[in-house]
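To start, the structure under review is shown below, and the notes come after it.
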Amino acid sequence: MIKKVINNPKDVVVETADGLILAYHGDVKKIENSNAIKRTEIRPGKVCLLVGGGSGHEPLFAGFVGENLADGAVSGNVFAAPAPDQILAATKALDQGKGVLYLYGNYAGDNMNFDIAAELAESEGIATKTVRIYDDVASAPLERITDRRGIAGDLFVIKIAGGAAAKLDSLEEVYRVAAKARDLTRSMGVALAPGSIPETGQPTFTIGEGEIEIGMGLHGEAGVSREKMMPADELVSRMTDLILKDLPFKSGDEVCLLINNLGATTMMELLIVNRKVRALLAEKQITVHDTLIGSYCTSQEMAGFSISLLKLDGELKQYYDLPAKSFAFTKG
Amino acid sequence: MIKKVINNPKDVVVETADGLILAYHGDVKKIENSNAIKRTEIRPGKVCLLVGGGSGHEPLFAGFVGENLADGAVSGNVFAAPAPDQILAATKALDQGKGVLYLYGNYAGDNMNFDIAAELAESEGIATKTVRIYDDVASAPLERITDRRGIAGDLFVIKIAGGAAAKLDSLEEVYRVAAKARDLTRSMGVALAPGSIPETGQPTFTIGEGEIEIGMGLHGEAGVSREKMMPADELVSRMTDLILKDLPFKSGDEVCLLINNLGATTMMELLIVNRKVRALLAEKQITVHDTLIGSYCTSQEMAGFSISLLKLDGELKQYYDLPAKSFAFTKG
Amino acid sequence: MTVEKLSLSEFKGAMLAIADGMIASKDLLTQADQAIGDGDHGIGMARGFEAVKAMLSEKNFAQIEEVFFSTGTSLLSSIGGASGAIFGSFFMGAAKGVKGCIELDAPGFKNALAAGLEMVKKRGGANIGDKTMVDALEPAVQAAMAYNGNSLGELSLQVYIAAEAGMQRTKTFTARIGKAKTLGERTLGFADPGSISITLIFKFFSDYLKQMA
Amino acid sequence: MTVEKLSLSEFKGAMLAIADGMIASKDLLTQADQAIGDGDHGIGMARGFEAVKAMLSEKNFAQIEEVFFSTGTSLLSSIGGASGAIFGSFFMGAAKGVKGCIELDAPGFKNALAAGLEMVKKRGGANIGDKTMVDALEPAVQAAMAYNGNSLGELSLQVYIAAEAGMQRTKTFTARIGKAKTLGERTLGFADPGSISITLIFKFFSDYLKQMA
Ligand SMILES: Nc1ncnc2c1ncn2[C@@H]1O[C@H](COP(=O)(O)OP(=O)(O)O)[C@@H](O)[C@H]1O
Ligand SMILES: Nc1ncnc2c1ncn2[C@@H]1O[C@H](COP(=O)(O)OP(=O)(O)O)[C@@H](O)[C@H]1O
Ligand SMILES: [Mg+2]
Ligand SMILES: [Mg+2]
Ligand SMILES: [Mg+2]
Ligand SMILES: [Mg+2]
């Protein structure tokens, strides 16, 4: 039974939302009849960006609602996609007549629930488009890229899509830019120790004393291989290799780099990882435009991290560089 | 033996600094002959702010070097204050003729090493002043406030001192403002599970299955009491009560709130904590000007969190509200 | 003597029995999902059938399809995740098979099952062998179609037995869909959690009819 | 036969033996600090005496005080933390007690000890009973002062024995200084890590002299 600072485990999702809304100091508000939030001020006529998914990955998704980021976020129960009526309520609360882009991780549950919501929205006259994020190189071969899971690369896609939704006027165009960002993002994770679901208090998987799982998914789904613990540099080399050859990233490319904490890994370790990633990228003449290191997309208290790369082009860079402000991500 | 993503445990401090400097993308550089960094551009004639302490608390301290924040940071080994020659090298690299303010947590090791450095700096003609942070209410009674430890409240004092150092012209004045921020800051922590030191791989303390330690220090030093795990709201009430009556904070006060992750605690839990803290403050008619929630001052992968409050006055608020930009703290 | 059909209120009672059974199966289902998924299936199903119970105690029904449909929407809106959509779709689909009925008899139950399966496949796109609840549901529907009698009790037992066999077969499949899919060969030996759920639903239905007889 | 004094090179050898001994005591000291501190004392002392070893093998010395002083600065700059400042100050202070000496005899050692203690107290402000290394060092210095012979070997044994007794006494104190201070009564029964270190330093010195005799 893993200790957690919670009250009734059944209330965690609602209490988390309450705490988050307070932390936003008025920048977001709750959407009625939904475990969802929206920006307090949304420009009329704006194409809106709705992100969402299961809870348990905080600050994803609701921590990324804000200026030049998402307009709203809808959260399901822990590790469970939000239900269609919740998504629909959020969609209706957001729509400014220009439609809503759905952006979420590619999981059976999310896909089905957002699709049902999209059908319901359509029948109510609200246009939606969907970008499913599938950045996790570990989760399926390139030929079946649409079978891959969405992990921390979500953050890059939200950043770019949020910028595009702030600047562009049509849902089609925002969709195009968001899909491009998704297509140019690749990630790879590793887990050292499991997280746990509040309602059970049990770890979501078991792993041996000196073992790690390369490619572990965000809910404790298995990865590509279980191995003996190895030095950071060796581990990072293996992960980075898999990422680089997947897109592939090439000499002369300019990228944004995210080293994401899955939960319990120390910043010290993440910085040691960054050192090696940068050395490997420098070797390949890949330049890094910006680096994000921290807990953006977690799996409760899982120990481990992921590395994500977004390949920039002129258009993506312009959206990436826009200032942004939300609970979990501020860019000056 | 706790698994960590590191190479040789003896190299963690240096490799962490390398990774951090890369993540700063040119905004900071390494100081020669010291495990210290400084801003790449420092306004000539500026009073400089040097922060520092033992490593193992990342992103503290070196993550807070930047615009309107610290001008430099010097890091010791894991849980060990930096040595005087390191501090001296940083002092010399920073000084712009107006002197250097030392700002650090109040621990025997830090006090002695910074004091030795101050004596050496003085003999080289560099003026220094020192503000020791002792925000941890759990660590000594109010009558012996200068025996207290410095914990996450460091962040508030750095924010204010950094603003003051950017705007004010004399070391005395910056000192005065920083000391005021320190005197108006109170914190209280709790630990659920231990962190570990990379070189030993051993937990820094042991704690029973269902037990927590209220008031645990940043290095695993004991707190005020060891108790059975309790619901979040009860725990937060007890901690907040101790903080509020210490200053004391009163009806009508305006505060900044920091809920700091000691390492492995989930954002979900921190938000649930925030919800309760805000309810308690609202009850007492204390208004919250700004909220920070995240991993700012950690103890490796310790599970637990701390609550810090800074009482604002007009002067402090002006410095708090200045924009800031560093690796670990950006404010628009 | 076996039961031939259920009145509206008896069917409501059956749904309540299914709900109680599923709530009581929480830990078993969660453990199944811990082995090859994300460990939340029992939590979700329990939450879903709590909502079904609350709905049943509040609503009055005029037709069998309303019980199916409201059960489906309750599951859909309270579970979330893959199983919310799939089990919600199953019951909402089943409603289409019994349009206008005020009792549930064997032919009606067959139609409901077939319509439920159709909706599940339409929503989730899973086929036999993908290691999902379809591996239990589809053979159950086939067994129903093969049944020529007119006892709802017998039919429901056949359905349960076929689902159970299909569920057991999922142990020999590697997952190709859902959160278990990347586990590949490591899913061998473990039954798919959703296939256990649909089997249990049929079991509790069959038990209810047996106990009525 | 006991040793009366040490030549410069013998004293350097003694310092090397102390360094080796302290490096080998890493785990023991770390465990002592895990009980009531932050668990790094052995790591720091080992790192410090590795630096001392490196320094001793590089430098040439003309006087005893230089060995003391360089040992102190090596510890100060490589350990950091409380023990870097305290043990660094002890050796740097000790250097002042043997100004100009090219050998170390009993009176010289007494002076070095007294000067070292003075520096430690000046730097750290700790007094007897605060549960620090001062609780071992101060009685050791008192024992040295009480010694009237002129054998460095005998003197060093007395110093070690007194330090050991002082160290043992720290088990009965609640910490008032350093990272253990908030533990209060929970520090009872555990010896202060720094007091173990200073005791070991004296032990290794005494052992070295014994083995020379
Ligand atoms: N596309 C699909 N078609 C049919 N059943 C599915 C599909 N995807 C998932 N399932 C079923 O859902 C079950 C998992 O449910 P649950 O654990 O509650 O959801 P999640 O996977 O979102 O955590 C699986 O065991 C499987 O039987
Ligand atoms: N003010 C002081 N005076 C004398 N000795 C001290 C003082 N503060 C700490 N010490 C000694 O330092 C030891 C702790 O050293 P160490 O664990 O290496 O440093 P830190 O406390 O910084 O982790 C204590 O056991 C104590 O003997
Ligand atoms: Mg799930
Ligand atoms: Mg220490
Ligand atoms: Mg699941
Ligand atoms: Mg220590």
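Residues are referred to by chain and number: the chain letter is A, B, ... according to the order shown in the structure tokens, the number counts from 1 in that chain, and ligands are numbered separately from 1 in the order shown.
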
Set the cut-off to 7 Å, count only C-alpha atoms and all ligand atoms, and list whatever residues fall near ligand 3 as a VMD selection string. (chain A and resid 79 to 80) or (chain C and resid 38 to 41 81)

What does the file look like for those residues with N, CA, C and O atoms, as a compact mmCIF listing (two decimals), in the first residue's frame?
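Result written to result-v1.txt:
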```
# COMPACT_ATOMS: atom_id res chain seq x y z
N PHE A 79 -6.13 7.19 -15.11
CA PHE A 79 -5.78 6.27 -16.20
C PHE A 79 -7.00 5.85 -17.03
O PHE A 79 -6.99 4.79 -17.65
N ALA A 80 -8.05 6.65 -17.05
CA ALA A 80 -9.22 6.33 -17.85
C ALA A 80 -9.64 7.57 -18.64
O ALA A 80 -9.84 8.64 -18.06
N ASP C 38 -3.30 -1.48 -17.28
CA ASP C 38 -2.91 -0.41 -16.37
C ASP C 38 -3.55 -0.52 -15.00
O ASP C 38 -3.45 0.41 -14.19
N GLY C 39 -4.20 -1.64 -14.74
CA GLY C 39 -4.64 -1.92 -13.37
C GLY C 39 -5.88 -1.18 -12.92
O GLY C 39 -6.07 -1.01 -11.71
N ASP C 40 -6.69 -0.73 -13.85
CA ASP C 40 -7.86 0.05 -13.42
C ASP C 40 -9.18 -0.57 -13.85
O ASP C 40 -10.24 0.01 -13.60
N HIS C 41 -9.17 -1.71 -14.48
CA HIS C 41 -10.41 -2.21 -15.08
C HIS C 41 -11.50 -2.45 -14.04
O HIS C 41 -12.66 -2.07 -14.23
N GLY C 81 -12.59 5.73 -20.29
CA GLY C 81 -11.62 4.72 -20.71
C GLY C 81 -12.16 3.82 -21.81
O GLY C 81 -13.25 4.05 -22.33
```

Name the residues in contact with D:Ser70 at a cut-off of 12 Å, using only C-alpha atoms, excluding same-chain residues fewer than 4 positions from it; report them as a ChimeraX atom specification. /D:12,15,48-49,51-61,63-66,74-78,88-95

I'd like the contact shell of B:Phe156 - 8 Å cut-off, only C-alpha atoms, skipping same-chain residues fewer than 4 positions apart - returned as a list in words.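 Contacts, with the query itself left out: Ile160, Ala181, Thr185 and Leu310 of chain B.
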
Output for the residues just chosen: C-alpha atoms as an mmCIF file, in the first residue's frame:
```cif
data_model
loop_
_atom_site.group_PDB
_atom_site.id
_atom_site.type_symbol
_atom_site.label_atom_id
_atom_site.label_comp_id
_atom_site.auth_asym_id
_atom_site.auth_seq_id
_atom_site.Cartn_x
_atom_site.Cartn_y
_atom_site.Cartn_z
ATOM 1 C CA ILE B 160 12.693 38.970 -3.814
ATOM 2 C CA ALA B 181 11.724 38.613 2.858
ATOM 3 C CA THR B 185 8.733 33.569 5.261
ATOM 4 C CA LEU B 310 5.627 34.680 2.359
#
```

Among chain C, which ones does DSSP place in strand (DSSP E or B), written as a PyMOL selection string? chain C and resi 5-7+103-105

Take the residues from that selection and put them in a file with N, CA and C atoms, as a short mmCIF file (atom, residue, chain, number, x, y, z; two decimals), in the first residue's frame.
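Below you can see result13.cif, which holds the result:
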```cif
data_model
loop_
_atom_site.label_atom_id
_atom_site.label_comp_id
_atom_site.auth_asym_id
_atom_site.auth_seq_id
_atom_site.Cartn_x
_atom_site.Cartn_y
_atom_site.Cartn_z
N LYS C 5 -39.00 -16.40 -20.26
CA LYS C 5 -38.79 -14.97 -20.52
C LYS C 5 -38.84 -14.17 -19.23
N LEU C 6 -38.44 -12.93 -19.35
CA LEU C 6 -38.44 -12.04 -18.19
C LEU C 6 -39.39 -10.88 -18.46
N SER C 7 -40.17 -10.57 -17.42
CA SER C 7 -40.98 -9.37 -17.51
C SER C 7 -40.04 -8.17 -17.37
N GLU C 103 -41.15 -7.50 -22.82
CA GLU C 103 -40.58 -8.65 -22.12
C GLU C 103 -39.31 -9.05 -22.86
N LEU C 104 -38.46 -9.81 -22.15
CA LEU C 104 -37.27 -10.31 -22.84
C LEU C 104 -37.40 -11.83 -22.97
N ASP C 105 -37.49 -12.31 -24.23
CA ASP C 105 -37.52 -13.75 -24.44
C ASP C 105 -36.25 -14.18 -25.17
#
```

May I have the residues within 12 Å of ligand 4, computed using only C-alpha atoms and all ligand atoms, as a ChimeraX atom specification? /B:53-57,76-82,107-110,197,204,217-221,299 /D:30,33-34,36-45,79-85,178-180,193-194

Shell of 8 Å around B:Tyr175, only C-alpha atoms, local chain residues under 4 positions omitted, as a PyMOL selection string: chain B and resi 101+129-131+161+171+179
